[in-house]
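Below: one structure, written as structure tokens.
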Amino acid sequence: MDITDFTAELLAFGEPTHFEPAFARLRNDFFAQLAAHGFRSIALETDRVAALDGGFSHGFGELDANRQLLAWIREYNETADEPLTFHGFDAPTEMYSAPSPRTYLEHVRDYLGLDVDIAALAGDDERWSRSEAILDPAASPGASPEARELRVIADDLLMSLDARVETTAHAGWDRARIHANAGLDLLRYHAASARPGDRDTRIARLASARAVIMARNLLDIHGSRPGRTLVFAHNAHLGSGAGAIVASRLGDRYAFIAGSLGHSDALGLGEPAADTYEGRLQRDTGTWKLTAEIPAGRTRDDADYRYVPLTRELLENAGAILHVA
């Protein structure tokens with residue numbers, strides 16, 4: 001099976017861990033091949049706003065491969081008739097923190113040339129970004145009167161942008177709209193963090209909010225760019241969560257390849273047991289293998305929090321598996 005066999009408009013390549021760099025290196029090789037088969041863009045699990053300037057909000061063990069990807073795209077575009085584009089599709093959040101919406105909304109305000117004092121309503125950025133704002137509903141500014149007023153302002157800014165699309169240079173407008181949506185998403189995320197509930201309920205709520213943000217960004221990238229798109233992120237996002245939302249909208253125009261890992265020196269992960277999904281895939285794999293055959297087996301239990309092993313549910317959502325031995 002070859003990566004170019006897939007016909008989906010959004011081809012999602014998942015990885016089971018952010019800490020094994022082999023997956024990002026394979027992603028780079030795949031995108032180079034796919035560029036000759038109608039793919040014009042790549043979207044990574046990184047903050048969409050940061051990606052506008054080639055930045056990465058997180059990358060763990062993949063930063064070198066990410067920089068190599070950007071360098072290759074720049075070199076390709078020097079002579080290409082149809083340039084390639086790079087995107088992030090994640091929210092500007094970390095596991096237990098989310099920034100203030102101030103800078104995002106101020107970017108839009110300045111682009112529109114309006115006189116709105118966003119800083120006075122947002123207050124100190126740290127009160128939004130500190131971990132307590134996510135972990136403790138009482139410490140969150142998300143349900144404050146100022147936050148509610150900021151959501152109205154953000155909505156008005158977005159409407160003003162949409163009204164100006166025909167009279168404004170598209171690149172600047174597109175950038176401003178991405179900032180506007182990021183600001184609104186942050187206000188929604190902080191509002192969700194302000195709702196009461198036990199820790200597990202609240203973390204699940206925020207994970208759901210992030211999945212919606214990621215899915216909407218992917219659909220926006222898909223709908224606004226020519227050609228096909230390669231998506232690269234953790235299996236958990238592409239095989240369920242955001243991926244499930246996108247698949248429900250696009251049907252067979254979305255395809256998911258589940259990443260699978262045998263052993264890893266970077267993770268200190270040993271050989272998988274023979275009766276696990278990874279163990280069965282490991283038997284006849286040299287360095288790596290792309291296959292549409294879903295193995296029988298069980299979920300491995302020798303991994304730590306950095307690696308998420310294959311499960312039956314994930315495999316049922318996958319059109320193929322990329323196993324790295």
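The way I read the labels, and the way they are meant: chains A, B, ... in the order of the structure tokens, residue 1 as the first residue of every chain, and ligand 1 as the first ligand shown, with later ones counted on from there.
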
- Message: Need the shell around Tyr96 (chain A): protein/DNA/RNA residues with any atom at most 10 Å away, counting only C-alpha atoms. Skip same-chain ones fewer than 2 positions apart. Format as JSON, numbers by chain?
- Response: {"A": [93, 94, 98, 129, 130, 131, 132, 133, 134, 135, 203, 206]}

Taking only C-alpha atoms into account, produce a table as CSV in which each residue of region 150-264 of chain A with an atom at most 12 Å from an atom of region 75-82 of chain A appears once, together with its shortest atom pair and the distance in Å to one decimal, ordered by chain and rising number.
```
residue,atom,partner,partner_atom,distance
A:Arg225,CA,A:Glu82,CA,11.6
A:Pro226,CA,A:Glu82,CA,9.4
A:Gly227,CA,A:Glu82,CA,9.5
```

- Write out as a PyMOL selection string the residues lying within 8 Å of region 85-92 of chain A, counting only C-alpha atoms and excluding same-chain residues fewer than 3 positions away. chain A and resi 40-52+54+57+70+73+98-99+182+185-186+210+213-215+217-218+221

Generate the output file for the selected residues, N, CA and C atoms, as a PDB file, in the first residue's frame.
```pdb
ATOM      1  N   ARG A  40      -1.946  20.451  -1.743  1.00  0.00           N
ATOM      2  CA  ARG A  40      -1.393  21.808  -1.786  1.00  0.00           C
ATOM      3  C   ARG A  40      -1.166  22.384  -0.401  1.00  0.00           C
ATOM      4  N   SER A  41      -1.562  21.661   0.653  1.00  0.00           N
ATOM      5  CA  SER A  41      -1.393  22.213   1.997  1.00  0.00           C
ATOM      6  C   SER A  41      -1.201  21.101   3.013  1.00  0.00           C
ATOM      7  N   ILE A  42      -0.617  21.502   4.149  1.00  0.00           N
ATOM      8  CA  ILE A  42      -0.440  20.596   5.276  1.00  0.00           C
ATOM      9  C   ILE A  42      -0.864  21.329   6.533  1.00  0.00           C
ATOM     10  N   ALA A  43      -1.557  20.634   7.419  1.00  0.00           N
ATOM     11  CA  ALA A  43      -2.054  21.223   8.669  1.00  0.00           C
ATOM     12  C   ALA A  43      -1.561  20.389   9.835  1.00  0.00           C
ATOM     13  N   LEU A  44      -0.922  21.046  10.802  1.00  0.00           N
ATOM     14  CA  LEU A  44      -0.349  20.354  11.953  1.00  0.00           C
ATOM     15  C   LEU A  44      -1.079  20.725  13.237  1.00  0.00           C
ATOM     16  N   GLU A  45      -0.889  19.875  14.240  1.00  0.00           N
ATOM     17  CA  GLU A  45      -1.463  20.104  15.567  1.00  0.00           C
ATOM     18  C   GLU A  45      -0.661  21.180  16.291  1.00  0.00           C
ATOM     19  N   THR A  46      -0.860  22.410  15.867  1.00  0.00           N
ATOM     20  CA  THR A  46      -0.225  23.557  16.506  1.00  0.00           C
ATOM     21  C   THR A  46      -1.158  24.751  16.377  1.00  0.00           C
ATOM     22  N   ASP A  47      -0.953  25.743  17.209  1.00  0.00           N
ATOM     23  CA  ASP A  47      -1.783  26.938  17.257  1.00  0.00           C
ATOM     24  C   ASP A  47      -1.906  27.564  15.860  1.00  0.00           C
ATOM     25  N   ARG A  48      -3.134  27.782  15.415  1.00  0.00           N
ATOM     26  CA  ARG A  48      -3.345  28.300  14.063  1.00  0.00           C
ATOM     27  C   ARG A  48      -2.751  29.694  13.887  1.00  0.00           C
ATOM     28  N   VAL A  49      -2.838  30.528  14.909  1.00  0.00           N
ATOM     29  CA  VAL A  49      -2.282  31.877  14.802  1.00  0.00           C
ATOM     30  C   VAL A  49      -0.757  31.822  14.748  1.00  0.00           C
ATOM     31  N   ALA A  50      -0.142  31.042  15.621  1.00  0.00           N
ATOM     32  CA  ALA A  50       1.324  30.927  15.619  1.00  0.00           C
ATOM     33  C   ALA A  50       1.824  30.434  14.267  1.00  0.00           C
ATOM     34  N   ALA A  51       1.081  29.535  13.645  1.00  0.00           N
ATOM     35  CA  ALA A  51       1.505  28.955  12.372  1.00  0.00           C
ATOM     36  C   ALA A  51       1.498  29.977  11.237  1.00  0.00           C
ATOM     37  N   LEU A  52       0.766  31.074  11.389  1.00  0.00           N
ATOM     38  CA  LEU A  52       0.761  32.108  10.357  1.00  0.00           C
ATOM     39  C   LEU A  52       2.161  32.642  10.095  1.00  0.00           C
ATOM     40  N   GLY A  54       4.913  30.759  10.835  1.00  0.00           N
ATOM     41  CA  GLY A  54       5.802  29.605  10.864  1.00  0.00           C
ATOM     42  C   GLY A  54       6.183  29.162  12.255  1.00  0.00           C
ATOM     43  N   SER A  57       3.313  26.143  18.597  1.00  0.00           N
ATOM     44  CA  SER A  57       2.969  26.324  20.006  1.00  0.00           C
ATOM     45  C   SER A  57       3.459  25.155  20.844  1.00  0.00           C
ATOM     46  N   LEU A  70       9.149  23.212   7.000  1.00  0.00           N
ATOM     47  CA  LEU A  70       8.982  24.594   6.547  1.00  0.00           C
ATOM     48  C   LEU A  70      10.058  24.984   5.548  1.00  0.00           C
ATOM     49  N   ILE A  73       9.172  23.418   2.207  1.00  0.00           N
ATOM     50  CA  ILE A  73       8.060  24.117   1.559  1.00  0.00           C
ATOM     51  C   ILE A  73       8.538  25.414   0.925  1.00  0.00           C
ATOM     52  N   ALA A  98      -4.608  28.640  29.161  1.00  0.00           N
ATOM     53  CA  ALA A  98      -5.113  29.254  27.935  1.00  0.00           C
ATOM     54  C   ALA A  98      -4.865  30.755  28.059  1.00  0.00           C
ATOM     55  N   PRO A  99      -4.329  31.389  27.029  1.00  0.00           N
ATOM     56  CA  PRO A  99      -3.959  32.796  27.153  1.00  0.00           C
ATOM     57  C   PRO A  99      -5.161  33.738  27.162  1.00  0.00           C
ATOM     58  N   ALA A 182      -9.785  33.006  16.847  1.00  0.00           N
ATOM     59  CA  ALA A 182      -8.986  32.539  17.980  1.00  0.00           C
ATOM     60  C   ALA A 182      -9.395  33.262  19.254  1.00  0.00           C
ATOM     61  N   ASP A 185     -12.734  31.886  20.311  1.00  0.00           N
ATOM     62  CA  ASP A 185     -12.563  30.529  20.840  1.00  0.00           C
ATOM     63  C   ASP A 185     -11.989  30.554  22.248  1.00  0.00           C
ATOM     64  N   LEU A 186     -11.055  31.451  22.501  1.00  0.00           N
ATOM     65  CA  LEU A 186     -10.485  31.558  23.843  1.00  0.00           C
ATOM     66  C   LEU A 186     -11.532  32.012  24.850  1.00  0.00           C
ATOM     67  N   ARG A 210     -12.024  21.933  22.783  1.00  0.00           N
ATOM     68  CA  ARG A 210     -10.850  21.945  21.912  1.00  0.00           C
ATOM     69  C   ARG A 210     -11.108  21.151  20.636  1.00  0.00           C
ATOM     70  N   ILE A 213     -13.048  23.277  18.234  1.00  0.00           N
ATOM     71  CA  ILE A 213     -12.185  24.306  17.645  1.00  0.00           C
ATOM     72  C   ILE A 213     -11.314  23.704  16.545  1.00  0.00           C
ATOM     73  N   MET A 214     -10.693  22.570  16.834  1.00  0.00           N
ATOM     74  CA  MET A 214      -9.819  21.925  15.858  1.00  0.00           C
ATOM     75  C   MET A 214     -10.599  21.507  14.610  1.00  0.00           C
ATOM     76  N   ALA A 215     -11.770  20.939  14.806  1.00  0.00           N
ATOM     77  CA  ALA A 215     -12.579  20.497  13.668  1.00  0.00           C
ATOM     78  C   ALA A 215     -12.995  21.680  12.807  1.00  0.00           C
ATOM     79  N   ASN A 217     -11.504  24.545  12.511  1.00  0.00           N
ATOM     80  CA  ASN A 217     -10.341  25.050  11.791  1.00  0.00           C
ATOM     81  C   ASN A 217      -9.998  24.172  10.593  1.00  0.00           C
ATOM     82  N   LEU A 218     -10.076  22.859  10.766  1.00  0.00           N
ATOM     83  CA  LEU A 218      -9.787  21.961   9.647  1.00  0.00           C
ATOM     84  C   LEU A 218     -10.793  22.147   8.506  1.00  0.00           C
ATOM     85  N   ILE A 221      -9.934  25.394   6.733  1.00  0.00           N
ATOM     86  CA  ILE A 221      -8.773  25.233   5.862  1.00  0.00           C
ATOM     87  C   ILE A 221      -9.158  24.468   4.601  1.00  0.00           C
TER      88      ILE A 221
END
```

- Assign secondary structure with DSSP using the backbone only, and return the residues of region 155-278 of chain A in helix (DSSP H, G or I) as JSON, numbers by chain. {"A": [155, 156, 157, 158, 159, 160, 161, 162, 163, 170, 171, 172, 173, 174, 175, 176, 177, 178, 179, 180, 181, 182, 183, 184, 185, 186, 187, 188, 189, 190, 191, 192, 193, 199, 200, 201, 202, 203, 204, 205, 206, 207, 208, 209, 210, 211, 212, 213, 214, 215, 216, 217, 218, 219, 220, 221, 222, 223, 224, 235, 236, 237, 238, 242, 243, 244, 245, 246, 247, 248, 249, 250, 251, 252, 253, 277, 278]}

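The coordinates place CA of Thr311 (chain A) at 8.0 Å from CA of Tyr277 (chain A).
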
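Among A:Gly38, A:Pro21, A:Gly223, A:Gly268, the residue with the shortest atom-to-atom distance to Thr7 (chain A), counting only C-alpha atoms, is A:Gly38.
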
- Item | Among the residues A:Ile321, A:Ile3, A:Ala143, A:Ala194, the one that comes closest to Asp29 (chain A) [using only C-alpha atoms] | A:Ile3

- Skip Phe256 (chain A) itself and residues of its chain fewer than 2 positions away, then list as a ChimeraX atom specification all residues within 12 Å of it, counting only C-alpha atoms. /A:3,6-15,230-240,242-244,246-247,251-254,258-259,292,314-322

- Which one is closest to Arg249 (chain A): A:Leu219, A:Leu158, A:Ala266, A:Gly183? Count only C-alpha atoms. A:Leu219

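The space separating CA of Leu112 (chain A) from CA of Arg216 (chain A) comes to 23.9 Å.
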
Could you find all residues in region 84-297 of chain A that DSSP calls strand (DSSP E) from the backbone, and write them as a compact mmCIF listing (two decimals) with N, CA and C atoms, in the first residue's frame?
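Printed below is states-v2.txt as written:
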```txt
# COMPACT_ATOMS: atom_id res chain seq x y z
N THR A 85 1.02 25.46 1.09
CA THR A 85 0.79 26.29 2.27
C THR A 85 0.83 25.43 3.53
N PHE A 86 1.25 26.08 4.61
CA PHE A 86 1.39 25.43 5.91
C PHE A 86 0.39 26.06 6.88
N HIS A 87 -0.29 25.21 7.67
CA HIS A 87 -1.31 25.70 8.60
C HIS A 87 -1.19 24.99 9.95
N GLY A 88 -1.59 25.68 11.00
CA GLY A 88 -1.92 25.05 12.26
C GLY A 88 -3.42 24.94 12.35
N PHE A 89 -3.92 23.97 13.08
CA PHE A 89 -5.38 23.88 13.23
C PHE A 89 -5.81 23.74 14.68
N ASP A 90 -4.88 23.97 15.60
CA ASP A 90 -5.19 23.82 17.02
C ASP A 90 -5.59 25.16 17.63
N ARG A 228 -5.78 19.40 -2.14
CA ARG A 228 -6.01 18.49 -1.02
C ARG A 228 -5.06 18.82 0.13
N THR A 229 -5.40 18.32 1.33
CA THR A 229 -4.65 18.67 2.53
C THR A 229 -4.24 17.42 3.30
N LEU A 230 -2.96 17.37 3.71
CA LEU A 230 -2.48 16.37 4.63
C LEU A 230 -2.56 16.94 6.04
N VAL A 231 -3.15 16.20 6.96
CA VAL A 231 -3.30 16.62 8.35
C VAL A 231 -2.45 15.70 9.21
N PHE A 232 -1.74 16.29 10.18
CA PHE A 232 -0.88 15.49 11.05
C PHE A 232 -1.11 15.92 12.50
N ALA A 233 -1.47 14.95 13.34
CA ALA A 233 -1.74 15.22 14.75
C ALA A 233 -1.77 13.90 15.50
N HIS A 234 -2.02 13.99 16.79
CA HIS A 234 -2.12 12.77 17.60
C HIS A 234 -3.33 11.94 17.17
N TYR A 254 -12.79 12.42 3.93
CA TYR A 254 -11.85 12.41 5.04
C TYR A 254 -11.39 10.98 5.27
N ALA A 255 -10.09 10.77 5.41
CA ALA A 255 -9.55 9.44 5.69
C ALA A 255 -8.53 9.56 6.82
N PHE A 256 -8.52 8.56 7.70
CA PHE A 256 -7.64 8.56 8.86
C PHE A 256 -6.70 7.37 8.81
N ILE A 257 -5.39 7.64 8.90
CA ILE A 257 -4.36 6.62 9.03
C ILE A 257 -3.88 6.64 10.48
N ALA A 258 -4.07 5.54 11.19
CA ALA A 258 -3.66 5.46 12.59
C ALA A 258 -2.17 5.13 12.68
N GLY A 259 -1.44 5.93 13.46
CA GLY A 259 -0.04 5.64 13.69
C GLY A 259 0.13 4.60 14.79
N SER A 260 1.06 3.68 14.58
CA SER A 260 1.31 2.59 15.52
C SER A 260 2.81 2.48 15.74
N LEU A 261 3.22 2.12 16.97
CA LEU A 261 4.64 2.09 17.32
C LEU A 261 5.00 0.76 17.96
N TRP A 288 9.16 0.39 8.71
CA TRP A 288 7.77 0.82 8.85
C TRP A 288 6.94 0.19 7.74
N LYS A 289 5.63 0.18 7.95
CA LYS A 289 4.72 -0.44 6.98
C LYS A 289 3.38 0.27 7.02
N LEU A 290 2.82 0.52 5.82
CA LEU A 290 1.48 1.08 5.69
C LEU A 290 0.56 -0.03 5.21
N THR A 291 -0.48 -0.32 5.99
CA THR A 291 -1.35 -1.44 5.66
C THR A 291 -2.81 -1.10 5.94
```

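Considering only C-alpha atoms, the residue among A:Pro137, A:Ala119, A:His170, A:Leu84 positioned nearest to Arg199 (chain A) is A:Pro137.
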
- Please provide as number ranges by chain all residues within 9 Å of Arg202 (chain A), with the sequence filter that same-chain residues fewer than 4 positions apart are discarded (counting only C-alpha atoms). A: 134-135, 192-193, 195-198, 206-207
